[in-house]
file start.cif (mmCIF, C-alpha atoms)
data_upload
loop_
_atom_site.label_atom_id
_atom_site.label_comp_id
_atom_site.auth_asym_id
_atom_site.auth_seq_id
_atom_site.Cartn_x
_atom_site.Cartn_y
_atom_site.Cartn_z
CA MET M 1 -26.77 -45.28 -25.46
CA ASP M 2 -28.98 -47.78 -27.24
CA VAL M 3 -32.00 -47.76 -24.89
CA LEU M 4 -33.73 -44.69 -23.48
CA VAL M 5 -36.19 -45.30 -20.66
CA THR M 6 -38.34 -42.24 -20.06
CA ASP M 7 -41.08 -41.14 -17.72
CA LYS M 8 -44.33 -40.02 -19.38
CA THR M 9 -45.57 -36.94 -17.55
CA GLY M 10 -43.65 -33.82 -18.53
CA THR M 11 -41.47 -35.70 -21.00
CA LEU M 12 -43.89 -37.22 -23.51
CA THR M 13 -46.71 -34.98 -22.28
CA GLU M 14 -46.83 -31.25 -21.65
CA GLY M 15 -46.86 -31.77 -17.90
CA LYS M 16 -49.44 -28.99 -17.58
CA ILE M 17 -52.10 -31.05 -15.88
CA SER M 18 -55.55 -29.49 -15.81
CA PHE M 19 -58.65 -30.65 -13.98
CA THR M 20 -61.57 -31.09 -16.37
CA THR M 21 -64.51 -32.53 -14.45
CA ALA M 22 -65.79 -34.61 -11.54
CA LEU M 23 -67.88 -37.66 -12.40
CA PRO M 24 -70.20 -39.13 -9.74
CA ALA M 25 -70.30 -42.92 -9.50
CA ALA M 26 -73.00 -43.31 -6.84
CA PRO M 27 -76.71 -42.34 -6.92
CA HIS M 28 -76.56 -40.22 -3.76
CA VAL M 29 -73.48 -38.22 -4.86
CA ASP M 30 -73.26 -35.30 -7.28
CA ALA M 31 -70.26 -33.71 -9.02
CA ASP M 32 -69.87 -31.04 -6.32
CA ASP M 33 -69.63 -33.76 -3.67
CA VAL M 34 -66.92 -35.61 -5.61
CA LEU M 35 -64.90 -32.41 -6.03
CA ARG M 36 -65.27 -31.51 -2.35
CA PHE M 37 -64.14 -34.99 -1.25
CA GLY M 38 -61.22 -34.71 -3.66
CA LEU M 39 -60.16 -31.39 -2.16
CA LEU M 40 -60.49 -32.73 1.39
CA ALA M 41 -58.26 -35.73 0.57
CA THR M 42 -55.19 -33.65 -0.21
CA GLU M 43 -52.23 -32.79 1.99
CA VAL M 44 -53.03 -29.09 1.60
CA ASP M 45 -53.83 -27.19 4.80
CA TYR M 46 -57.31 -25.83 4.12
CA SER M 47 -58.23 -25.05 7.74
CA THR M 48 -57.23 -21.38 7.53
CA GLY M 49 -59.19 -20.66 4.36
CA ALA M 50 -56.06 -19.33 2.60
CA VAL M 51 -54.88 -22.37 0.64
CA SER M 52 -51.29 -22.75 -0.57
CA THR M 53 -50.48 -25.55 -3.03
CA VAL M 54 -46.71 -24.90 -3.03
CA GLY M 55 -44.88 -28.22 -3.01
CA GLN M 56 -48.00 -30.29 -3.70
CA ASN M 57 -48.25 -32.90 -6.46
CA PRO M 58 -49.52 -31.63 -9.86
CA LEU M 59 -52.87 -33.45 -9.64
CA ASP M 60 -53.72 -31.83 -6.30
CA VAL M 61 -52.58 -28.43 -7.58
CA ALA M 62 -54.90 -28.87 -10.58
CA VAL M 63 -57.88 -29.76 -8.36
CA TRP M 64 -57.37 -26.66 -6.21
CA ALA M 65 -57.13 -24.56 -9.37
CA ALA M 66 -60.59 -25.73 -10.49
CA PRO M 67 -63.11 -22.87 -10.86
CA ASP M 68 -65.52 -24.50 -8.39
CA ALA M 69 -62.88 -25.19 -5.71
CA ALA M 70 -63.39 -21.86 -3.94
CA ALA M 71 -67.09 -22.59 -3.46
CA SER M 72 -66.59 -26.09 -2.06
CA ARG M 73 -66.71 -25.03 1.64
CA VAL M 74 -63.83 -27.32 2.66
CA SER M 75 -62.64 -24.79 5.26
CA ALA M 76 -65.76 -25.70 7.26
CA TYR M 77 -64.30 -29.20 7.80
CA ALA M 78 -61.84 -30.05 10.56
CA ARG M 79 -59.09 -32.46 9.51
CA LEU M 80 -58.41 -34.92 12.33
CA ASP M 81 -55.71 -37.04 10.67
CA VAL M 82 -54.07 -37.75 7.32
CA ILE M 83 -52.20 -40.66 5.73
CA PRO M 84 -50.00 -39.11 3.02
CA PHE M 85 -49.67 -40.57 -0.45
CA ASP M 86 -46.97 -43.15 -1.04
CA HIS M 87 -46.00 -45.15 -4.12
CA GLU M 88 -46.97 -48.49 -2.57
CA ARG M 89 -50.54 -47.67 -1.52
CA ARG M 90 -51.02 -45.03 -4.26
CA MET M 91 -53.63 -43.31 -2.09
CA THR M 92 -54.09 -40.37 0.26
CA SER M 93 -56.60 -40.65 3.11
CA VAL M 94 -57.96 -38.08 5.52
CA LEU M 95 -60.21 -38.21 8.55
CA VAL M 96 -62.47 -35.16 8.64
CA ARG M 97 -65.31 -33.83 10.79
CA ASP M 98 -68.02 -31.89 8.96
CA PRO M 99 -69.85 -28.83 10.35
CA GLU M 100 -72.61 -31.09 11.77
CA GLY M 101 -70.06 -33.17 13.68
CA ALA M 102 -70.11 -36.30 11.53
CA VAL M 103 -66.69 -37.93 11.03
CA THR M 104 -65.80 -39.33 7.60
CA LEU M 105 -62.83 -41.16 6.13
CA VAL M 106 -62.07 -39.91 2.60
CA THR M 107 -59.63 -41.75 0.32
CA LYS M 108 -58.34 -40.51 -3.02
CA GLY M 109 -55.89 -42.20 -5.38
CA SER M 110 -55.19 -44.63 -8.20
CA PRO M 111 -58.51 -46.15 -9.35
CA GLU M 112 -57.05 -49.66 -9.41
CA GLU M 113 -56.04 -49.43 -5.75
CA VAL M 114 -59.06 -47.46 -4.51
CA LEU M 115 -61.58 -49.80 -6.14
CA GLN M 116 -59.91 -52.74 -4.40
CA VAL M 117 -60.81 -51.28 -1.00
CA CYS M 118 -64.38 -50.37 -2.02
CA ARG M 119 -67.44 -52.56 -1.61
CA ASP M 120 -70.17 -53.12 -4.18
CA VAL M 121 -68.64 -51.18 -7.07
CA ALA M 122 -71.31 -50.97 -9.77
CA PRO M 123 -70.52 -52.22 -13.29
CA SER M 124 -71.57 -48.79 -14.56
CA ALA M 125 -68.78 -47.20 -12.51
CA ARG M 126 -66.19 -49.52 -14.02
CA HIS M 127 -67.56 -48.75 -17.48
CA LEU M 128 -67.28 -45.03 -16.75
CA LEU M 129 -63.64 -45.54 -15.75
CA ASP M 130 -62.88 -47.56 -18.88
CA GLU M 131 -64.36 -44.80 -21.04
CA GLN M 132 -62.06 -42.22 -19.51
CA TYR M 133 -58.98 -44.43 -19.89
CA ALA M 134 -59.87 -45.01 -23.55
CA LYS M 135 -59.83 -41.23 -24.04
CA GLY M 136 -56.36 -41.00 -22.50
CA SER M 137 -57.60 -39.11 -19.43
CA ARG M 138 -55.77 -39.27 -16.15
CA VAL M 139 -58.22 -40.44 -13.49
CA VAL M 140 -58.24 -40.29 -9.70
CA ALA M 141 -60.87 -42.23 -7.73
CA VAL M 142 -62.52 -40.86 -4.59
CA ALA M 143 -64.21 -43.02 -1.93
CA THR M 144 -65.61 -42.48 1.56
CA ARG M 145 -67.07 -44.18 4.61
CA SER M 146 -68.54 -43.09 7.91
CA ALA M 147 -65.89 -43.13 10.64
CA ASP M 148 -67.70 -41.92 13.75
CA GLY M 149 -65.65 -42.76 16.84
CA LEU M 150 -62.28 -42.64 15.09
CA THR M 151 -59.77 -39.97 16.12
CA GLY M 152 -56.90 -41.23 13.96
CA ILE M 153 -56.41 -43.46 10.93
CA ARG M 154 -53.86 -45.92 9.58
CA PRO M 155 -53.64 -47.84 6.28
CA ALA M 156 -55.63 -50.74 7.74
CA ASP M 157 -58.61 -48.36 7.99
CA GLU M 158 -58.63 -47.91 4.20
CA THR M 159 -61.26 -50.58 3.68
CA ASP M 160 -65.01 -51.10 3.21
CA LEU M 161 -65.29 -47.79 1.35
CA THR M 162 -68.04 -46.59 -0.97
CA LEU M 163 -66.92 -45.22 -4.31
CA ALA M 164 -68.05 -41.60 -4.69
CA GLY M 165 -66.71 -40.90 -8.17
CA PHE M 166 -63.76 -39.91 -10.32
CA LEU M 167 -61.72 -36.75 -10.82
CA ILE M 168 -60.73 -36.36 -14.48
CA PHE M 169 -57.55 -34.63 -15.66
CA LEU M 170 -56.04 -33.76 -19.02
CA ASP M 171 -52.32 -33.90 -19.82
CA ARG M 172 -51.81 -33.43 -23.56
CA PRO M 173 -49.07 -35.23 -25.51
CA LYS M 174 -46.11 -32.96 -26.21
CA GLN M 175 -46.01 -32.53 -29.98
CA SER M 176 -42.26 -31.81 -29.95
CA ALA M 177 -41.80 -35.30 -28.48
CA ARG M 178 -42.94 -36.83 -31.79
CA VAL M 179 -39.92 -35.29 -33.56
CA SER M 180 -37.57 -36.44 -30.82
CA LEU M 181 -38.92 -39.99 -30.90
CA LYS M 182 -38.43 -40.16 -34.67
CA ARG M 183 -34.87 -38.85 -34.30
CA LEU M 184 -34.09 -41.47 -31.64
CA GLU M 185 -35.42 -44.17 -33.96
CA THR M 186 -33.09 -43.07 -36.78
CA LEU M 187 -30.18 -43.19 -34.32
CA GLY M 188 -31.01 -46.79 -33.46
CA ILE M 189 -32.07 -45.97 -29.89
CA SER M 190 -35.13 -47.86 -28.66
CA VAL M 191 -37.47 -45.96 -26.35
CA LYS M 192 -39.28 -47.51 -23.38
CA ILE M 193 -41.83 -45.76 -21.17
CA ALA M 194 -41.85 -46.26 -17.39
CA THR M 195 -44.76 -44.51 -15.71
CA GLY M 196 -46.81 -44.60 -12.57
CA ASP M 197 -49.89 -43.93 -14.69
CA ASN M 198 -52.45 -46.43 -15.98
CA ALA M 199 -51.41 -48.74 -18.83
CA ARG M 200 -54.22 -47.70 -21.18
CA VAL M 201 -53.43 -44.01 -20.70
CA ALA M 202 -49.74 -44.64 -21.45
CA GLU M 203 -50.65 -46.68 -24.54
CA LYS M 204 -52.95 -43.89 -25.78
CA VAL M 205 -50.22 -41.27 -25.39
CA CYS M 206 -47.68 -43.47 -27.17
CA GLY M 207 -50.16 -44.12 -29.98
CA ASP M 208 -50.87 -40.39 -30.36
CA LEU M 209 -47.11 -39.75 -30.69
CA GLY M 210 -46.56 -42.54 -33.20
CA LEU M 211 -44.47 -44.69 -30.84
CA GLU M 212 -45.04 -48.34 -31.70
CA SER M 213 -45.75 -50.51 -28.67
CA GLY M 214 -43.88 -53.75 -28.22
CA GLY M 215 -46.22 -54.68 -25.39
CA THR M 216 -47.02 -53.51 -21.87
CA LEU M 217 -45.98 -54.77 -18.44
CA THR M 218 -47.59 -53.53 -15.23
CA GLY M 219 -45.97 -53.19 -11.85
CA GLY M 220 -47.90 -56.20 -10.58
CA GLU M 221 -46.66 -58.33 -13.47
CA ILE M 222 -43.08 -57.17 -12.91
CA ASP M 223 -43.22 -58.24 -9.26
CA ALA M 224 -44.27 -61.73 -10.35
CA LEU M 225 -41.21 -62.15 -12.61
CA THR M 226 -37.73 -63.34 -11.68
CA ASP M 227 -34.85 -61.15 -12.85
CA ALA M 228 -34.11 -63.70 -15.57
CA ASP M 229 -37.70 -63.61 -16.85
CA LEU M 230 -37.88 -59.83 -16.56
CA ALA M 231 -34.67 -59.55 -18.59
CA VAL M 232 -36.42 -61.29 -21.49
CA ARG M 233 -39.72 -59.41 -21.15
CA ALA M 234 -38.01 -56.04 -20.70
CA GLU M 235 -36.34 -56.37 -24.09
CA GLU M 236 -39.71 -56.95 -25.77
CA ALA M 237 -42.02 -54.59 -23.89
CA SER M 238 -41.95 -50.85 -24.49
CA ILE M 239 -44.43 -49.65 -21.85
CA PHE M 240 -44.10 -50.28 -18.10
CA ALA M 241 -47.18 -48.92 -16.33
CA ARG M 242 -48.20 -48.42 -12.69
CA VAL M 243 -44.58 -48.96 -11.70
CA SER M 244 -43.05 -47.85 -8.40
CA PRO M 245 -39.71 -46.04 -8.06
CA GLU M 246 -38.12 -49.36 -7.07
CA GLN M 247 -39.56 -51.10 -10.13
CA LYS M 248 -38.24 -48.36 -12.42
CA SER M 249 -34.80 -48.86 -10.90
CA ARG M 250 -35.05 -52.64 -11.25
CA LEU M 251 -35.91 -52.24 -14.92
CA ILE M 252 -32.79 -50.11 -15.47
CA HIS M 253 -30.54 -52.65 -13.75
CA VAL M 254 -32.04 -55.58 -15.68
CA LEU M 255 -31.54 -53.83 -19.02
CA ARG M 256 -27.96 -52.98 -18.10
CA ALA M 257 -27.35 -56.60 -17.10
CA ASN M 258 -28.50 -57.51 -20.62
CA GLY M 259 -25.55 -55.52 -21.94
CA ARG M 260 -27.58 -52.51 -23.00
CA ALA M 261 -26.30 -48.94 -22.60
CA VAL M 262 -29.25 -47.36 -20.82
CA GLY M 263 -30.25 -43.73 -20.42
CA PHE M 264 -33.10 -42.51 -18.24
CA LEU M 265 -35.15 -39.33 -18.56
CA GLY M 266 -37.42 -38.19 -15.74
CA ASP M 267 -38.02 -35.14 -13.57
CA GLY M 268 -39.92 -36.42 -10.53
CA VAL M 269 -38.84 -37.52 -7.07
CA ASN M 270 -40.10 -40.98 -7.99
CA ASP M 271 -37.50 -41.06 -10.81
CA ALA M 272 -34.48 -40.57 -8.54
CA LEU M 273 -33.67 -44.28 -8.07
CA ALA M 274 -33.84 -44.99 -11.80
CA LEU M 275 -31.76 -41.91 -12.63
CA HIS M 276 -29.09 -43.06 -10.20
CA GLY M 277 -29.22 -46.59 -11.58
CA ALA M 278 -28.69 -45.34 -15.14
#
call {"tool": "encode", "arguments": {"input": "start.cif", "output": "structure tokens"}}
result
Amino acid sequence: MDVLVTDKTGTLTEGKISFTTALPAAPHVDADDVLRFGLLATEVDYSTGAVSTVGQNPLDVAVWAAPDAAASRVSAYARLDVIPFDHERRMTSVLVRDPEGAVTLVTKGSPEEVLQVCRDVAPSARHLLDEQYAKGSRVVAVATRSADGLTGIRPADETDLTLAGFLIFLDRPKQSARVSLKRLETLGISVKIATGDNARVAEKVCGDLGLESGGTLTGGEIDALTDADLAVRAEEASIFARVSPEQKSRLIHVLRANGRAVGFLGDGVNDALALHGA
């Protein structure tokens, strides 16, 4: 092996994701509102009051473990429909009816994708997001809109939303990874990071662990490249951020086509294609 492509969460980081705070991004919303919307926009069944997070993604598990989650009154809401998370949309949406009968669409997911379907996002909100990325925080955006009259939702309904705020998470770099990265370097094995997380967060983690960056490519940039162009860029870049399972797999195949002996390290369902390709 002369190239190791690795996921970030749980490999370079501890993988023990903890929820730290909810940050409002609209004047009429407070932190409790953002947390409540975040809890509503999960695939957890909260209608019975006894919530089980078994099998849920780590970010949702962390939100439900927040000290204020129990007081959020989400069991008073009726969930009418849900669009589960997928790695193309990078969002989860729910249609809920509150105790007063008002119906609301709530969307939670990658800030880049959620902000694209929001209207009138204030510069202060984008600045708030940039601050969190600079700290290396993992961030989930939450947005809503009134949906009176709707009884079901589909991806086309994820539009014209109002940004409510951000959920902030901490996933510390794994200090033992620093030793491993140094050992790989002495063995002549180059390390590349392929993650679904934000580019700036991945760069911060790599910097904290002393891994020199040869440049970053995002999933959107990868899609715009031919295989021949990607083959060149993949040799140079060391961080591949906001990539889908298919893009991780494509990266593996391109590196192998370059004559490299490629290993892959990852523990998520979204790593299965790349693991198979390697």
call {"tool": "residues_around", "arguments": {"input": "start.cif", "residues": "Leu211 (chain M)", "least_positions_apart": "5", "cutoff": "9 Å", "atoms": "only C-alpha atoms", "output": "compact mmCIF listing (two decimals) with C-alpha atoms, in the frame of the given file"}}
result
# COMPACT_ATOMS: atom_id res chain seq x y z
CA ARG M 178 -42.94 -36.83 -31.79
CA LEU M 181 -38.92 -39.99 -30.90
CA LYS M 182 -38.43 -40.16 -34.67
CA VAL M 191 -37.47 -45.96 -26.35
CA VAL M 205 -50.22 -41.27 -25.39
CA CYS M 206 -47.68 -43.47 -27.17
call {"tool": "resolve_selection", "arguments": {"input": "start.cif", "expression": "the PyMOL selection byres ((chain M and resi 90) around 9)", "output": "PyMOL selection string"}}
result
chain M and resi 85-89+91-92+108-110+113-114
call {"tool": "residues_around", "arguments": {"input": "start.cif", "residues": "Leu275 (chain M)", "least_positions_apart": "3", "cutoff": "9 Å", "atoms": "all atoms listed in the file", "output": "ChimeraX atom specification"}}
result
/M:249,252,263-266,271-272,278
call {"tool": "residues_around", "arguments": {"input": "start.cif", "residues": "Ala274 (chain M)", "least_positions_apart": "3", "cutoff": "12 Å", "atoms": "only C-alpha atoms", "output": "number ranges by chain"}}
result
M: 4-7, 194-195, 243-256, 262-271, 277-278
call {"tool": "closest_residue", "arguments": {"input": "start.cif", "among": "M:Leu40, M:Val34, M:Ala141, M:Leu225", "to": "Leu128 (chain M)", "atoms": "only C-alpha atoms"}}
result
M:Ala141
call {"tool": "closest_residue", "arguments": {"input": "start.cif", "among": "M:Arg79, M:Arg119, M:Arg260, M:Arg126", "to": "Asp45 (chain M)", "atoms": "all atoms listed in the file"}}
result
M:Arg79
call {"tool": "resolve_selection", "arguments": {"input": "start.cif", "expression": "the PyMOL selection byres ((chain M and resi 74-77) around 8)", "output": "list in words"}}
result
Arg36, Leu39, Leu40, Tyr46, Ser47, Thr48, Gly49, Ser72, Arg73, Ala78, Arg79, Val96, Arg97, Asp98 and Pro99 of chain M
call {"tool": "residues_around", "arguments": {"input": "start.cif", "residues": "Thr144 (chain M)", "least_positions_apart": "2", "cutoff": "6 Å", "atoms": "all atoms listed in the file", "output": "list in words"}}
result
Leu105, Val106, Leu161 and Thr162 of chain M
call {"tool": "atom_distance", "arguments": {"input": "start.cif", "atom1": "CA of Asp229 (chain M)", "atom2": "CA of Ala199 (chain M)"}}
result
20.3 Å
call {"tool": "resolve_selection", "arguments": {"input": "start.cif", "expression": "the PyMOL selection byres ((chain M and resi 174) around 12)", "output": "PDB file with C-alpha atoms, keeping the file's coordinate frame"}}
result
ATOM      1  CA  LYS M   8     -44.330 -40.020 -19.380  1.00  0.00           C
ATOM      2  CA  THR M   9     -45.570 -36.940 -17.550  1.00  0.00           C
ATOM      3  CA  GLY M  10     -43.650 -33.820 -18.530  1.00  0.00           C
ATOM      4  CA  THR M  11     -41.470 -35.700 -21.000  1.00  0.00           C
ATOM      5  CA  LEU M  12     -43.890 -37.220 -23.510  1.00  0.00           C
ATOM      6  CA  THR M  13     -46.710 -34.980 -22.280  1.00  0.00           C
ATOM      7  CA  GLU M  14     -46.830 -31.250 -21.650  1.00  0.00           C
ATOM      8  CA  GLY M  15     -46.860 -31.770 -17.900  1.00  0.00           C
ATOM      9  CA  LYS M  16     -49.440 -28.990 -17.580  1.00  0.00           C
ATOM     10  CA  ASP M 171     -52.320 -33.900 -19.820  1.00  0.00           C
ATOM     11  CA  ARG M 172     -51.810 -33.430 -23.560  1.00  0.00           C
ATOM     12  CA  PRO M 173     -49.070 -35.230 -25.510  1.00  0.00           C
ATOM     13  CA  GLN M 175     -46.010 -32.530 -29.980  1.00  0.00           C
ATOM     14  CA  SER M 176     -42.260 -31.810 -29.950  1.00  0.00           C
ATOM     15  CA  ALA M 177     -41.800 -35.300 -28.480  1.00  0.00           C
ATOM     16  CA  ARG M 178     -42.940 -36.830 -31.790  1.00  0.00           C
ATOM     17  CA  VAL M 179     -39.920 -35.290 -33.560  1.00  0.00           C
ATOM     18  CA  SER M 180     -37.570 -36.440 -30.820  1.00  0.00           C
ATOM     19  CA  LEU M 181     -38.920 -39.990 -30.900  1.00  0.00           C
ATOM     20  CA  VAL M 205     -50.220 -41.270 -25.390  1.00  0.00           C
ATOM     21  CA  CYS M 206     -47.680 -43.470 -27.170  1.00  0.00           C
ATOM     22  CA  ASP M 208     -50.870 -40.390 -30.360  1.00  0.00           C
ATOM     23  CA  LEU M 209     -47.110 -39.750 -30.690  1.00  0.00           C
ATOM     24  CA  GLY M 210     -46.560 -42.540 -33.200  1.00  0.00           C
TER      25      GLY M 210
END
call {"tool": "closest_residue", "arguments": {"input": "start.cif", "among": "M:Leu187, M:Val3, M:Leu115, M:Ala62", "to": "Glu235 (chain M)", "atoms": "only C-alpha atoms"}}
result
M:Val3
call {"tool": "atom_distance", "arguments": {"input": "start.cif", "atom1": "CA of Ser124 (chain M)", "atom2": "CA of Thr42 (chain M)"}}
result
26.5 Å
call {"tool": "atom_distance", "arguments": {"input": "start.cif", "atom1": "CA of Pro84 (chain M)", "atom2": "CA of Ile153 (chain M)"}}
result
11.1 Å
call {"tool": "closest_residue", "arguments": {"input": "start.cif", "among": "M:Leu184, M:Gln116, M:Gly214, M:Ala71", "to": "Thr159 (chain M)", "atoms": "only C-alpha atoms"}}
result
M:Gln116
call {"tool": "residues_around", "arguments": {"input": "start.cif", "residues": "Leu129 (chain M)", "least_positions_apart": "6", "cutoff": "12 Å", "atoms": "all atoms listed in the file", "output": "list in words"}}
result
Ala22, Leu23, Pro24, Ala25, Ser110, Pro111, Glu112, Leu115, Val121, Ala122, Pro123, Lys135, Gly136, Ser137, Arg138, Val139, Val140, Ala141, Leu163, Gly165, Phe166, Leu167, Ile168, Asn198, Arg200 and Val201 of chain M
call {"tool": "closest_residue", "arguments": {"input": "start.cif", "among": "M:Leu35, M:Ala228, M:Ala261, M:Val94", "to": "Ala70 (chain M)", "atoms": "all atoms listed in the file"}}
result
M:Leu35
call {"tool": "closest_residue", "arguments": {"input": "start.cif", "among": "M:Val232, M:Ala65, M:Ile17, M:Val103", "to": "Leu217 (chain M)", "atoms": "all atoms listed in the file"}}
result
M:Val232
